[in-house]
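Colleague: File follows, entry15.json with JSON, C-alpha atoms:
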[["chain", "number", "residue", "atom", "x", "y", "z"],
["A", 851, "MET", "CA", -17.56, -34.10, -22.78],
["A", 852, "SER", "CA", -16.05, -35.26, -19.51],
["A", 853, "LYS", "CA", -12.98, -33.10, -20.11],
["A", 854, "GLY", "CA", -15.21, -30.09, -20.78],
["A", 855, "HIS", "CA", -17.03, -30.65, -17.49],
["A", 856, "ASP", "CA", -13.70, -30.92, -15.67],
["A", 857, "LEU", "CA", -12.56, -27.61, -17.15],
["A", 858, "ALA", "CA", -15.84, -25.94, -16.19],
["A", 859, "ASP", "CA", -15.58, -27.24, -12.61],
["A", 860, "HIS", "CA", -11.98, -26.06, -12.39],
["A", 861, "LEU", "CA", -12.95, -22.62, -13.66],
["A", 862, "ARG", "CA", -15.75, -22.35, -11.11],
["A", 863, "ALA", "CA", -13.35, -23.28, -8.30],
["A", 864, "LEU", "CA", -10.79, -20.74, -9.48],
["A", 865, "ASP", "CA", -13.49, -18.09, -9.75],
["A", 866, "ASP", "CA", -14.46, -18.73, -6.10],
["A", 867, "ILE", "CA", -10.80, -18.44, -5.07],
["A", 868, "HIS", "CA", -10.52, -15.23, -7.08],
["A", 869, "GLY", "CA", -13.47, -13.78, -5.19],
["A", 870, "VAL", "CA", -11.91, -14.63, -1.82],
["A", 871, "MET", "CA", -8.54, -13.18, -2.83],
["A", 872, "SER", "CA", -10.15, -10.00, -4.13],
["A", 873, "ALA", "CA", -11.99, -9.59, -0.82],
["A", 874, "MET", "CA", -8.72, -10.06, 1.11],
["A", 875, "LYS", "CA", -7.03, -7.49, -1.13],
["A", 876, "ASN", "CA", -9.83, -4.99, -0.53],
["A", 877, "LEU", "CA", -9.64, -5.55, 3.22],
["A", 878, "ALA", "CA", -5.88, -4.98, 3.19],
["A", 879, "PHE", "CA", -6.36, -1.78, 1.20],
["A", 880, "ALA", "CA", -9.01, -0.53, 3.63],
["A", 881, "GLU", "CA", -6.74, -1.36, 6.55],
["A", 882, "THR", "CA", -3.87, 0.67, 5.10],
["A", 883, "ARG", "CA", -6.17, 3.67, 4.67],
["A", 884, "LYS", "CA", -7.32, 3.38, 8.28],
["A", 885, "LEU", "CA", -3.79, 2.83, 9.60],
["A", 886, "ALA", "CA", -2.45, 5.86, 7.76],
["A", 887, "GLN", "CA", -4.33, 8.23, 10.05],
["A", 888, "TYR", "CA", -3.42, 6.33, 13.24],
["A", 889, "LEU", "CA", 0.23, 6.13, 12.25],
["A", 890, "GLU", "CA", 0.50, 9.78, 11.27],
["A", 891, "ASN", "CA", -0.88, 10.93, 14.63],
["A", 892, "GLN", "CA", 1.28, 8.48, 16.58],
["A", 893, "GLN", "CA", 4.44, 9.46, 14.74],
["A", 894, "ARG", "CA", 3.72, 13.12, 15.39],
["A", 895, "LEU", "CA", 3.25, 12.37, 19.09],
["A", 896, "PHE", "CA", 6.46, 10.33, 19.29],
["A", 897, "ALA", "CA", 8.45, 12.99, 17.42],
["A", 898, "GLY", "CA", 7.28, 15.54, 19.98],
["A", 899, "MET", "CA", 8.38, 13.26, 22.83],
["A", 900, "GLU", "CA", 11.81, 12.84, 21.24],
["A", 901, "ASP", "CA", 12.15, 16.61, 20.95],
["A", 902, "MET", "CA", 11.18, 16.89, 24.60],
["A", 903, "LEU", "CA", 13.73, 14.24, 25.58],
["A", 904, "ALA", "CA", 16.50, 15.91, 23.59],
["A", 905, "ASP", "CA", 15.70, 19.27, 25.17],
["A", 906, "PHE", "CA", 15.71, 17.74, 28.65],
["A", 907, "LEU", "CA", 19.01, 15.89, 28.19],
["A", 908, "ARG", "CA", 20.67, 18.98, 26.77],
["A", 909, "PHE", "CA", 20.15, 20.79, 30.08],
["A", 910, "HIS", "CA", 20.32, 17.75, 32.40],
["A", 911, "PRO", "CA", 22.92, 15.35, 30.95],
["A", 912, "GLN", "CA", 23.67, 13.90, 34.38],
["A", 913, "ALA", "CA", 20.11, 12.66, 34.98],
["A", 914, "PRO", "CA", 20.52, 9.22, 33.28],
["A", 915, "GLN", "CA", 23.39, 8.34, 35.62],
["A", 916, "ARG", "CA", 20.94, 8.11, 38.52],
["A", 917, "MET", "CA", 18.45, 5.81, 36.79],
["A", 918, "GLY", "CA", 20.16, 2.56, 37.76],
["A", 919, "GLU", "CA", 21.04, -0.45, 35.62],
["A", 920, "ALA", "CA", 19.40, -0.95, 32.23],
["A", 921, "CYS", "CA", 17.59, -4.15, 31.27],
["A", 922, "THR", "CA", 17.78, -4.83, 27.54],
["A", 923, "VAL", "CA", 14.87, -6.49, 25.76],
["A", 924, "TYR", "CA", 14.68, -7.21, 22.03],
["A", 925, "LEU", "CA", 11.25, -7.20, 20.39],
["A", 926, "LEU", "CA", 10.66, -8.85, 17.00],
["A", 927, "ILE", "CA", 7.46, -7.72, 15.28],
["A", 928, "GLY", "CA", 6.07, -10.16, 12.71],
["A", 929, "SER", "CA", 2.61, -11.00, 11.43],
["A", 930, "GLU", "CA", -0.24, -12.99, 12.89],
["A", 931, "ARG", "CA", -1.58, -14.01, 9.47],
["A", 932, "GLY", "CA", 0.02, -15.12, 6.24],
["A", 933, "PHE", "CA", -0.44, -14.02, 2.63],
["A", 934, "CYS", "CA", 2.08, -11.19, 3.05],
["A", 935, "GLY", "CA", 4.98, -12.45, 0.94],
["A", 936, "ASP", "CA", 8.36, -12.88, 2.64],
["A", 937, "PHE", "CA", 7.48, -10.50, 5.47],
["A", 938, "ASN", "CA", 8.32, -13.01, 8.22],
["A", 939, "GLU", "CA", 11.14, -14.72, 6.35],
["A", 940, "GLN", "CA", 13.08, -11.45, 6.16],
["A", 941, "LEU", "CA", 12.70, -11.00, 9.92],
["A", 942, "ARG", "CA", 13.87, -14.57, 10.50],
["A", 943, "ASP", "CA", 16.98, -14.02, 8.39],
["A", 944, "ALA", "CA", 17.69, -10.76, 10.21],
["A", 945, "CYS", "CA", 17.35, -12.60, 13.54],
["A", 946, "ALA", "CA", 19.89, -15.18, 12.40],
["A", 947, "ALA", "CA", 22.30, -12.37, 11.50],
["A", 948, "LEU", "CA", 21.62, -10.75, 14.88],
["A", 949, "ARG", "CA", 22.64, -13.77, 16.97],
["A", 950, "PRO", "CA", 26.34, -12.80, 17.33],
["A", 951, "GLN", "CA", 25.32, -9.34, 18.51],
["A", 952, "LEU", "CA", 22.91, -10.78, 21.06],
["A", 953, "ALA", "CA", 25.49, -13.24, 22.32],
["A", 954, "GLY", "CA", 27.78, -10.37, 23.29],
["A", 955, "THR", "CA", 25.20, -8.50, 25.35],
["A", 956, "GLY", "CA", 24.67, -10.88, 28.24],
["A", 957, "GLN", "CA", 21.85, -12.89, 26.62],
["A", 958, "PRO", "CA", 19.08, -10.27, 26.78],
["A", 959, "ALA", "CA", 15.45, -11.34, 26.62],
["A", 960, "VAL", "CA", 14.06, -11.77, 23.11],
["A", 961, "ILE", "CA", 10.31, -11.73, 22.52],
["A", 962, "ALA", "CA", 8.30, -12.10, 19.31],
["A", 963, "VAL", "CA", 4.92, -10.74, 18.26],
["A", 964, "GLY", "CA", 2.98, -12.60, 15.58],
["A", 965, "ARG", "CA", 2.16, -16.29, 15.27],
["A", 966, "LYS", "CA", 3.63, -16.67, 11.77],
["A", 967, "LEU", "CA", 6.94, -15.18, 12.86],
["A", 968, "THR", "CA", 7.06, -17.34, 16.00],
["A", 969, "GLU", "CA", 6.65, -20.47, 13.89],
["A", 970, "ARG", "CA", 9.61, -19.48, 11.70],
["A", 971, "LEU", "CA", 11.88, -18.68, 14.64],
["A", 972, "GLU", "CA", 11.89, -22.23, 15.99],
["A", 973, "GLY", "CA", 15.50, -23.36, 16.16],
["A", 974, "VAL", "CA", 16.78, -19.95, 15.03],
["A", 975, "LEU", "CA", 16.66, -17.93, 18.23],
["A", 976, "PRO", "CA", 15.51, -18.81, 21.79],
["A", 977, "LEU", "CA", 12.51, -16.72, 22.79],
["A", 978, "ALA", "CA", 11.74, -15.58, 26.31],
["A", 979, "ALA", "CA", 8.09, -15.03, 25.33],
["A", 980, "HIS", "CA", 5.86, -14.71, 22.30],
["A", 981, "PHE", "CA", 2.52, -13.03, 21.80],
["A", 982, "PRO", "CA", -0.20, -13.09, 19.12],
["A", 983, "GLY", "CA", -0.01, -10.15, 16.77],
["A", 984, "PRO", "CA", -2.77, -7.77, 15.72],
["A", 985, "ASN", "CA", -4.90, -8.61, 12.69],
["A", 986, "ALA", "CA", -6.42, -5.14, 12.48],
["A", 987, "THR", "CA", -5.88, -1.65, 13.84],
["A", 988, "GLU", "CA", -8.36, -2.19, 16.67],
["A", 989, "GLU", "CA", -6.33, -5.15, 17.95],
["A", 990, "VAL", "CA", -3.11, -3.18, 18.48],
["A", 991, "GLU", "CA", -4.12, -1.94, 21.92],
["A", 992, "PRO", "CA", -4.97, -5.40, 23.41],
["A", 993, "VAL", "CA", -1.69, -6.79, 22.05],
["A", 994, "LEU", "CA", 0.17, -3.83, 23.51],
["A", 995, "SER", "CA", -1.46, -4.33, 26.92],
["A", 996, "ARG", "CA", -0.20, -7.91, 27.16],
["A", 997, "LEU", "CA", 3.22, -6.85, 25.91],
["A", 998, "VAL", "CA", 3.54, -3.98, 28.40],
["A", 999, "ALA", "CA", 2.47, -6.22, 31.28],
["A", 1000, "TRP", "CA", 5.26, -8.66, 30.42],
["A", 1001, "LEU", "CA", 7.85, -5.89, 29.98],
["A", 1002, "ASP", "CA", 6.88, -4.34, 33.30],
["A", 1003, "ARG", "CA", 7.73, -7.62, 35.06],
["A", 1004, "GLN", "CA", 11.17, -7.64, 33.44],
["A", 1005, "ARG", "CA", 12.10, -4.13, 34.53],
["A", 1006, "PRO", "CA", 14.56, -4.06, 37.45],
["A", 1007, "ALA", "CA", 13.44, -2.43, 40.68],
["A", 1008, "GLN", "CA", 16.10, 0.27, 40.34],
["A", 1009, "GLY", "CA", 16.59, 0.74, 36.64],
["A", 1010, "PHE", "CA", 14.94, 1.06, 33.28],
["A", 1011, "LEU", "CA", 14.31, -0.82, 30.05],
["A", 1012, "ARG", "CA", 16.36, -0.46, 26.92],
["A", 1013, "LEU", "CA", 14.17, -1.67, 24.07],
["A", 1014, "GLY", "CA", 15.51, -2.89, 20.75],
["A", 1015, "VAL", "CA", 12.85, -3.42, 18.08],
["A", 1016, "LEU", "CA", 13.51, -5.46, 14.94],
["A", 1017, "HIS", "CA", 10.96, -4.38, 12.38],
["A", 1018, "HIS", "CA", 10.36, -3.66, 8.72],
["A", 1019, "ALA", "CA", 11.15, -0.20, 7.45],
["A", 1020, "GLU", "CA", 8.01, 1.78, 6.72],
["A", 1021, "ASP", "CA", 9.01, 2.59, 3.15],
["A", 1022, "GLY", "CA", 10.14, -1.02, 2.57],
["A", 1023, "GLY", "CA", 13.30, 0.17, 0.85],
["A", 1024, "ASP", "CA", 15.78, -0.65, 3.61],
["A", 1025, "GLY", "CA", 14.36, -4.05, 4.52],
["A", 1026, "VAL", "CA", 14.54, -4.91, 8.23],
["A", 1027, "ARG", "CA", 15.82, -2.40, 10.78],
["A", 1028, "LEU", "CA", 16.91, -2.58, 14.40],
["A", 1029, "SER", "CA", 15.73, 0.50, 16.29],
["A", 1030, "ILE", "CA", 16.96, 1.12, 19.84],
["A", 1031, "PHE", "CA", 14.73, 3.05, 22.25],
["A", 1032, "SER", "CA", 16.32, 4.15, 25.50],
["A", 1033, "PRO", "CA", 15.19, 7.11, 27.63],
["A", 1034, "PHE", "CA", 18.76, 8.20, 28.46],
["A", 1035, "ARG", "CA", 19.90, 8.26, 24.84],
["A", 1036, "HIS", "CA", 19.85, 11.40, 22.73],
["A", 1037, "PRO", "CA", 17.48, 10.97, 19.76],
["A", 1038, "GLU", "CA", 19.19, 10.74, 16.39],
["A", 1039, "ARG", "CA", 16.86, 13.25, 14.78],
["A", 1040, "GLU", "CA", 17.55, 16.99, 14.98],
["A", 1041, "ALA", "CA", 15.55, 18.79, 17.65],
["A", 1042, "PRO", "CA", 14.92, 22.50, 18.23],
["A", 1043, "ILE", "CA", 17.48, 24.24, 20.43],
["A", 1044, "PHE", "CA", 16.11, 26.38, 23.23],
["A", 1045, "SER", "CA", 18.04, 28.89, 25.30],
["A", 1046, "ASN", "CA", 16.13, 28.30, 28.54],
["A", 1047, "PRO", "CA", 15.91, 24.96, 30.39],
["A", 1048, "PRO", "CA", 12.51, 23.24, 30.64],
["A", 1049, "LEU", "CA", 10.46, 23.94, 33.76],
["A", 1050, "LEU", "CA", 10.14, 20.80, 35.89],
["A", 1051, "ASN", "CA", 7.95, 19.99, 38.86],
["A", 1052, "LEU", "CA", 10.15, 16.99, 39.75],
["A", 1053, "PRO", "CA", 13.86, 16.50, 40.24],
["A", 1054, "PRO", "CA", 15.48, 15.72, 36.85],
["A", 1055, "ALA", "CA", 16.24, 12.06, 37.70],
["A", 1056, "ASN", "CA", 12.67, 11.44, 38.94],
["A", 1057, "PHE", "CA", 11.25, 13.16, 35.88],
["A", 1058, "LEU", "CA", 13.30, 10.94, 33.58],
["A", 1059, "VAL", "CA", 12.12, 7.79, 35.39],
["A", 1060, "GLU", "CA", 8.47, 8.86, 34.99],
["A", 1061, "PHE", "CA", 9.04, 9.98, 31.41],
["A", 1062, "ALA", "CA", 10.71, 6.67, 30.43],
["A", 1063, "ASP", "CA", 7.45, 4.70, 30.73],
["A", 1064, "HIS", "CA", 5.53, 7.12, 28.52],
["A", 1065, "TYR", "CA", 8.38, 7.27, 26.04],
["A", 1066, "LEU", "CA", 8.63, 3.48, 25.62],
["A", 1067, "LEU", "CA", 4.85, 3.14, 25.44],
["A", 1068, "ALA", "CA", 4.72, 5.69, 22.61],
["A", 1069, "ALA", "CA", 7.59, 3.88, 20.87],
["A", 1070, "LEU", "CA", 5.75, 0.55, 21.09],
["A", 1071, "TYR", "CA", 2.55, 2.07, 19.69],
["A", 1072, "THR", "CA", 4.52, 3.58, 16.80],
["A", 1073, "MET", "CA", 6.37, 0.36, 16.00],
["A", 1074, "LEU", "CA", 3.23, -1.82, 16.10],
["A", 1075, "TYR", "CA", 1.26, 0.55, 13.88],
["A", 1076, "ARG", "CA", 4.19, 0.87, 11.49],
["A", 1077, "SER", "CA", 4.71, -2.89, 11.27],
["A", 1078, "LEU", "CA", 1.01, -3.50, 10.69],
["A", 1079, "MET", "CA", 1.03, -0.90, 7.93],
["A", 1080, "VAL", "CA", 3.98, -2.56, 6.16],
["A", 1081, "GLU", "CA", 2.38, -5.98, 6.63],
["A", 1082, "ASN", "CA", -0.86, -4.88, 4.96],
["A", 1083, "ARG", "CA", 1.03, -3.21, 2.15],
["A", 1084, "ARG", "CA", 2.93, -6.45, 1.58],
["A", 1085, "ARG", "CA", -0.34, -8.39, 1.71],
["A", 1086, "LEU", "CA", -1.92, -5.99, -0.78],
["A", 1087, "GLN", "CA", 1.03, -6.44, -3.14],
["A", 1088, "HIS", "CA", 1.09, -10.20, -2.63],
["A", 1089, "MET", "CA", -2.64, -10.60, -3.25],
["A", 1090, "ASP", "CA", -2.48, -8.30, -6.27],
["A", 1091, "ASN", "CA", 0.25, -10.45, -7.85],
["A", 1092, "ALA", "CA", -1.60, -13.63, -6.93],
["A", 1093, "THR", "CA", -4.91, -12.45, -8.43],
["A", 1094, "HIS", "CA", -3.08, -11.37, -11.58],
["A", 1095, "ARG", "CA", -1.55, -14.85, -11.99],
["A", 1096, "LEU", "CA", -4.91, -16.44, -11.20],
["A", 1097, "GLU", "CA", -6.64, -14.32, -13.84],
["A", 1098, "GLN", "CA", -4.02, -15.40, -16.38],
["A", 1099, "ARG", "CA", -4.62, -19.04, -15.48],
["A", 1100, "MET", "CA", -8.39, -18.60, -15.75],
["A", 1101, "GLU", "CA", -8.01, -16.95, -19.15],
["A", 1102, "GLU", "CA", -5.87, -19.88, -20.32],
["A", 1103, "LEU", "CA", -8.48, -22.36, -19.10],
["A", 1104, "ARG", "CA", -11.22, -20.42, -20.87],
["A", 1105, "ARG", "CA", -9.26, -20.64, -24.13],
["A", 1106, "GLN", "CA", -8.84, -24.37, -23.62],
["A", 1107, "ARG", "CA", -12.55, -24.71, -22.90],
["A", 1108, "ASN", "CA", -13.49, -22.72, -26.00],
["A", 1109, "GLN", "CA", -11.09, -24.76, -28.13],
["A", 1110, "LEU", "CA", -12.51, -27.98, -26.76],
["A", 1111, "ARG", "CA", -16.02, -26.74, -27.37],
["A", 1112, "GLN", "CA", -15.13, -25.83, -30.97],
["A", 1113, "GLU", "CA", -13.73, -29.32, -31.49],
["A", 1114, "GLU", "CA", -16.92, -30.83, -30.05],
["A", 1115, "ILE", "CA", -19.07, -28.65, -32.33],
["A", 1116, "THR", "CA", -16.96, -29.60, -35.35],
["A", 1117, "ASN", "CA", -17.37, -33.30, -34.49],
["A", 1118, "GLU", "CA", -21.11, -32.83, -34.07],
["A", 1119, "ILE", "CA", -21.35, -31.12, -37.47],
["A", 1120, "GLU", "CA", -19.39, -33.96, -39.11],
["A", 1121, "VAL", "CA", -21.70, -36.52, -37.50],
["A", 1122, "ILE", "CA", -24.79, -34.59, -38.68],
["A", 1123, "MET", "CA", -23.45, -34.27, -42.22],
["A", 1124, "LEU", "CA", -22.54, -37.95, -42.31],
["A", 1125, "GLY", "CA", -26.00, -38.90, -41.09],
["A", 1126, "GLN", "CA", -27.61, -36.63, -43.68],
["A", 1127, "ALA", "CA", -25.55, -38.23, -46.43],
["A", 1128, "ILE", "CA", -26.61, -41.69, -45.32],
["A", 1129, "LEU", "CA", -30.31, -40.80, -45.15],
["A", 1130, "ASP", "CA", -30.38, -39.01, -48.56],
["A", 1131, "PRO", "CA", -31.14, -41.69, -51.31],
["A", 1132, "SER", "CA", -29.63, -39.53, -54.04],
["A", 1133, "SER", "CA", -26.30, -39.21, -52.34],
["A", 1134, "PRO", "CA", -23.40, -41.42, -53.48],
["A", 1135, "ALA", "CA", -22.99, -42.59, -49.91],
["A", 1136, "ALA", "CA", -26.54, -43.88, -49.84],
["A", 1137, "GLU", "CA", -26.10, -45.76, -53.17],
["A", 1138, "THR", "CA", -22.94, -47.33, -51.92],
["A", 1139, "ASP", "CA", -24.09, -48.29, -48.48],
["A", 1140, "TYR", "CA", -27.58, -49.61, -49.26],
["A", 1141, "PRO", "CA", -28.35, -52.17, -52.14],
["A", 1142, "GLN", "CA", -31.19, -51.35, -54.56],
["A", 1143, "ASP", "CA", -34.24, -53.57, -55.17],
["A", 1144, "GLY", "CA", -33.45, -56.74, -57.03],
["A", 1145, "GLU", "CA", -29.80, -56.70, -56.08],
["A", 1146, "ASN", "CA", -28.20, -59.17, -53.83],
["A", 1147, "PRO", "CA", -27.05, -57.64, -50.64]]
Could you write out this file's structure as structure tokens?

Modeller:
Amino acid sequence: MSKGHDLADHLRALDDIHGVMSAMKNLAFAETRKLAQYLENQQRLFAGMEDMLADFLRFHPQAPQRMGEACTVYLLIGSERGFCGDFNEQLRDACAALRPQLAGTGQPAVIAVGRKLTERLEGVLPLAAHFPGPNATEEVEPVLSRLVAWLDRQRPAQGFLRLGVLHHAEDGGDGVRLSIFSPFRHPEREAPIFSNPPLLNLPPANFLVEFADHYLLAALYTMLYRSLMVENRRRLQHMDNATHRLEQRMEELRRQRNQLRQEEITNEIEVIMLGQAILDPSSPAAETDYPQDGENP
């Protein structure tokens, strides 16, 4: 009976865990649905800015030469919470592979977003700063504000930031990518070709300096939303696999409990039948076990 109670207690504990995991899975699914709209709008905005940049540089290729010296910063976007598979481990391995490249670029600043990633980068790569990551879509903007404030302090007085972002690919097929965002660099994507130059209210060099801040801000928004989307998809997949294994374990425990209960019922029936045989005077067991009157015991 004690073993049956232990199995029942274990099943109740696993059922509670299953409820928590199912709630986490539902939250991750809801977050991906909410992020999809944010990400779509942000990607459309950033694509328009890249088209604008390509159009500007096509007619004013000399403008970047007057922007001053570039300051390179590498941003690593991980997760604040766990339960997302090897999301942070893949970034850590990519950072280890990136060390030779960083060593040849004058030791640029490296910053990390996400507590779980920061913990895994100890001893792998020296960090100039680290920030907590967003847990939900609404937390992207506060994280971005702290990040932008730090980046603004790193920007040279006469120059601009070149931002390299190490992040997960949105489709998850290519693993971890390194995307470079620089306002003087032609975008890799094809842009419409116009016959007339854009109308500017500022000199081209001044326009590019002003445009650079908006361009990098849009890039950071896009990367943070994209990383949070991949993180929640990984969490959804991880929790789905975990709940499936937990359900299999619970089903196995239920079979064990039923088998144990059947054995207990069988034992109880045997005890009842044995007791009935003893109490029935006409049964052979009763004649054997109890002496009749006049017989010596």

Colleague: Extract, using all atoms listed in the file, all DNA, RNA and protein residues at most 6 Å from range 876-886 of chain A, discarding same-chain residues fewer than 6 positions from it, and format them as a list in words.

Modeller: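 So, after excluding close chain neighbours, the residues are Met1079, Asn1082 and Leu1086 of chain A.
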
Colleague: Quick one: of A:Pro958, A:Tyr1075, A:Arg931, A:Tyr1065, who's nearest to Ala897 in chain A, counting all atoms listed in the file?

Modeller: A:Tyr1065

Colleague: Can you pull out the residues contacting Asp856 in chain A? Cut-off 12 Å, using all atoms listed in the file, and skip same-chain residues under 3 positions away; I want them as a short mmCIF file (atom, residue, chain, number, x, y, z; two decimals) with C-alpha atoms, in the frame of the given file.

Modeller:
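Dumped to result_35.cif:
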data_model
loop_
_atom_site.label_atom_id
_atom_site.label_comp_id
_atom_site.auth_asym_id
_atom_site.auth_seq_id
_atom_site.Cartn_x
_atom_site.Cartn_y
_atom_site.Cartn_z
CA MET A 851 -17.56 -34.10 -22.78
CA SER A 852 -16.05 -35.26 -19.51
CA LYS A 853 -12.98 -33.10 -20.11
CA ASP A 859 -15.58 -27.24 -12.61
CA HIS A 860 -11.98 -26.06 -12.39
CA LEU A 861 -12.95 -22.62 -13.66
CA ARG A 862 -15.75 -22.35 -11.11
CA ALA A 863 -13.35 -23.28 -8.30
CA LEU A 1103 -8.48 -22.36 -19.10
CA ARG A 1104 -11.22 -20.42 -20.87
CA GLN A 1106 -8.84 -24.37 -23.62
CA ARG A 1107 -12.55 -24.71 -22.90
CA LEU A 1110 -12.51 -27.98 -26.76
#

Colleague: Which is closer to Ser1029 in chain A than all the others in A:Pro1006, A:Leu925, A:Arg1083, A:Leu994, using all atoms listed in the file?

Modeller: A:Leu925

Colleague: Around the point (20.3, 13.6, 27.9) in the file's coordinates, collect all residues with an atom within 6 Å, using all atoms listed in the file, and return them as a list in words.

Modeller: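 Protein and nucleic acid residues near the point are Leu907, Arg908, Pro911, Phe1034 and His1036 of chain A.
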
Colleague: Write the residues of the selection above to a file with C-alpha atoms, as a compact mmCIF listing (two decimals), keeping the file's coordinate frame.

Modeller:
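Writing done, so here's again_17.txt:
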# COMPACT_ATOMS: atom_id res chain seq x y z
CA LEU A 907 19.01 15.89 28.19
CA ARG A 908 20.67 18.98 26.77
CA PRO A 911 22.92 15.35 30.95
CA PHE A 1034 18.76 8.20 28.46
CA HIS A 1036 19.85 11.40 22.73

Colleague: What is the CA of Asn1046 in chain A-CA of Met899 in chain A distance in Å, reported with one decimal?

Modeller: 17.9 Å

Colleague: Please write out, as lines of an AutoDock Vina configuration file, where the centre of an axis-aligned box around all listed atoms of range 985-994 of chain A lies and how long its edges are, in Å to one decimal, after adding 3 Å on each side.

Modeller:
center_x = -4.1
center_y = -5.1
center_z = 18.0
size_x = 14.5
size_y = 13.0
size_z = 17.0

Colleague: In terms of the shortest atom-to-atom distance over only C-alpha atoms, which of A:Gln1112, A:Gln893, A:Asn1056, A:Ser1077 is closest to Asn985 in chain A?

Modeller: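 Answer, going by the shortest atom-to-atom distance: A:Ser1077.
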
Colleague: Pick from A:His1017, A:Arg1099, A:Arg1005, A:Arg1105: nearest to Cys921 in chain A, with all atoms listed in the file counted?

Modeller: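 Looking at the shortest contact to Cys921 in chain A, the residue is A:Arg1005.
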
Colleague: Here is a test: counting only C-alpha atoms, which residue of A:Ala920, A:Glu890, A:His1088, A:Phe896 is nearest to Gly932 in chain A?

Modeller: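 Checking each of A:Ala920, A:Glu890, A:His1088, A:Phe896 against Gly932 in chain A, counting only C-alpha atoms, the winner is A:His1088.
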
Colleague: What does the distance between CA of Gln1004 in chain A and CA of Ala959 in chain A come to in Å, to one decimal place?

Modeller: 8.9 Å

Colleague: With distances taken over only C-alpha atoms, which of A:Pro1053, A:Gly869, A:Gly928, A:Pro984 is nearest to Glu969 in chain A?

Modeller: A:Gly928

Colleague: May I have the residues within 7 Å of range 1089-1094 of chain A as a PyMOL selection string, using all atoms listed in the file and disregarding those fewer than 5 positions away in the same chain?

Modeller: chain A and resi 868+871+875

Colleague: What separation in Å, quoted to one decimal, exists between CA of Gly935 in chain A and CA of Arg1084 in chain A?

Modeller: 6.4 Å

Colleague: Tell me, as a list in words, which residues lie within 7 Å of His980 in chain A, counting all atoms listed in the file; anything in the same chain fewer than 4 positions away does not count.

Modeller: Ile961, Ala962, Val963 and Thr968 of chain A

Colleague: With a distance cut-off of 12 Å and all atoms listed in the file, select the neighbouring residues of Leu1067 in chain A, excluding the residue or stretch itself and same-chain residues fewer than 2 positions from it, and output the selection as a PyMOL selection string.

Modeller: chain A and resi 892+895-896+899+991+994-995+997-999+1001-1002+1011+1013+1031-1033+1060-1065+1069-1074

Colleague: With 6 Å as the threshold, what does the neighbourhood of (0.2, -9.1, 18.4) contain in terms of residues, counting only C-alpha atoms? Coordinates are those of the file; answer as a PyMOL selection string.

Modeller: chain A and resi 963-964+981-984+993

Colleague: How would range 890-901 of chain A read, as a tab-separated table (two decimals), in the coordinates of the input, once N, CA and C atoms are built in?

Modeller:
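What follows is the written file rebuild14.tsv:
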chain	number	residue	atom	x	y	z
A	890	GLU	N	0.08	8.38	11.38
A	890	GLU	CA	0.50	9.78	11.27
A	890	GLU	C	0.40	10.49	12.62
A	891	ASN	N	-0.71	10.29	13.33
A	891	ASN	CA	-0.88	10.93	14.63
A	891	ASN	C	0.12	10.39	15.65
A	892	GLN	N	0.36	9.07	15.62
A	892	GLN	CA	1.28	8.48	16.58
A	892	GLN	C	2.71	8.92	16.31
A	893	GLN	N	3.10	9.01	15.06
A	893	GLN	CA	4.44	9.46	14.74
A	893	GLN	C	4.64	10.92	15.13
A	894	ARG	N	3.62	11.73	14.98
A	894	ARG	CA	3.72	13.12	15.39
A	894	ARG	C	3.88	13.22	16.91
A	895	LEU	N	3.13	12.39	17.64
A	895	LEU	CA	3.25	12.37	19.09
A	895	LEU	C	4.64	11.92	19.53
A	896	PHE	N	5.15	10.85	18.90
A	896	PHE	CA	6.46	10.33	19.29
A	896	PHE	C	7.57	11.31	18.93
A	897	ALA	N	7.45	11.99	17.80
A	897	ALA	CA	8.45	12.99	17.42
A	897	ALA	C	8.48	14.12	18.44
A	898	GLY	N	7.32	14.52	18.95
A	898	GLY	CA	7.28	15.54	19.98
A	898	GLY	C	7.95	15.07	21.27
A	899	MET	N	7.75	13.80	21.62
A	899	MET	CA	8.38	13.26	22.83
A	899	MET	C	9.90	13.18	22.66
A	900	GLU	N	10.37	12.87	21.48
A	900	GLU	CA	11.81	12.84	21.24
A	900	GLU	C	12.40	14.25	21.33
A	901	ASP	N	11.70	15.23	20.81
A	901	ASP	CA	12.15	16.61	20.95
A	901	ASP	C	12.22	17.01	22.42
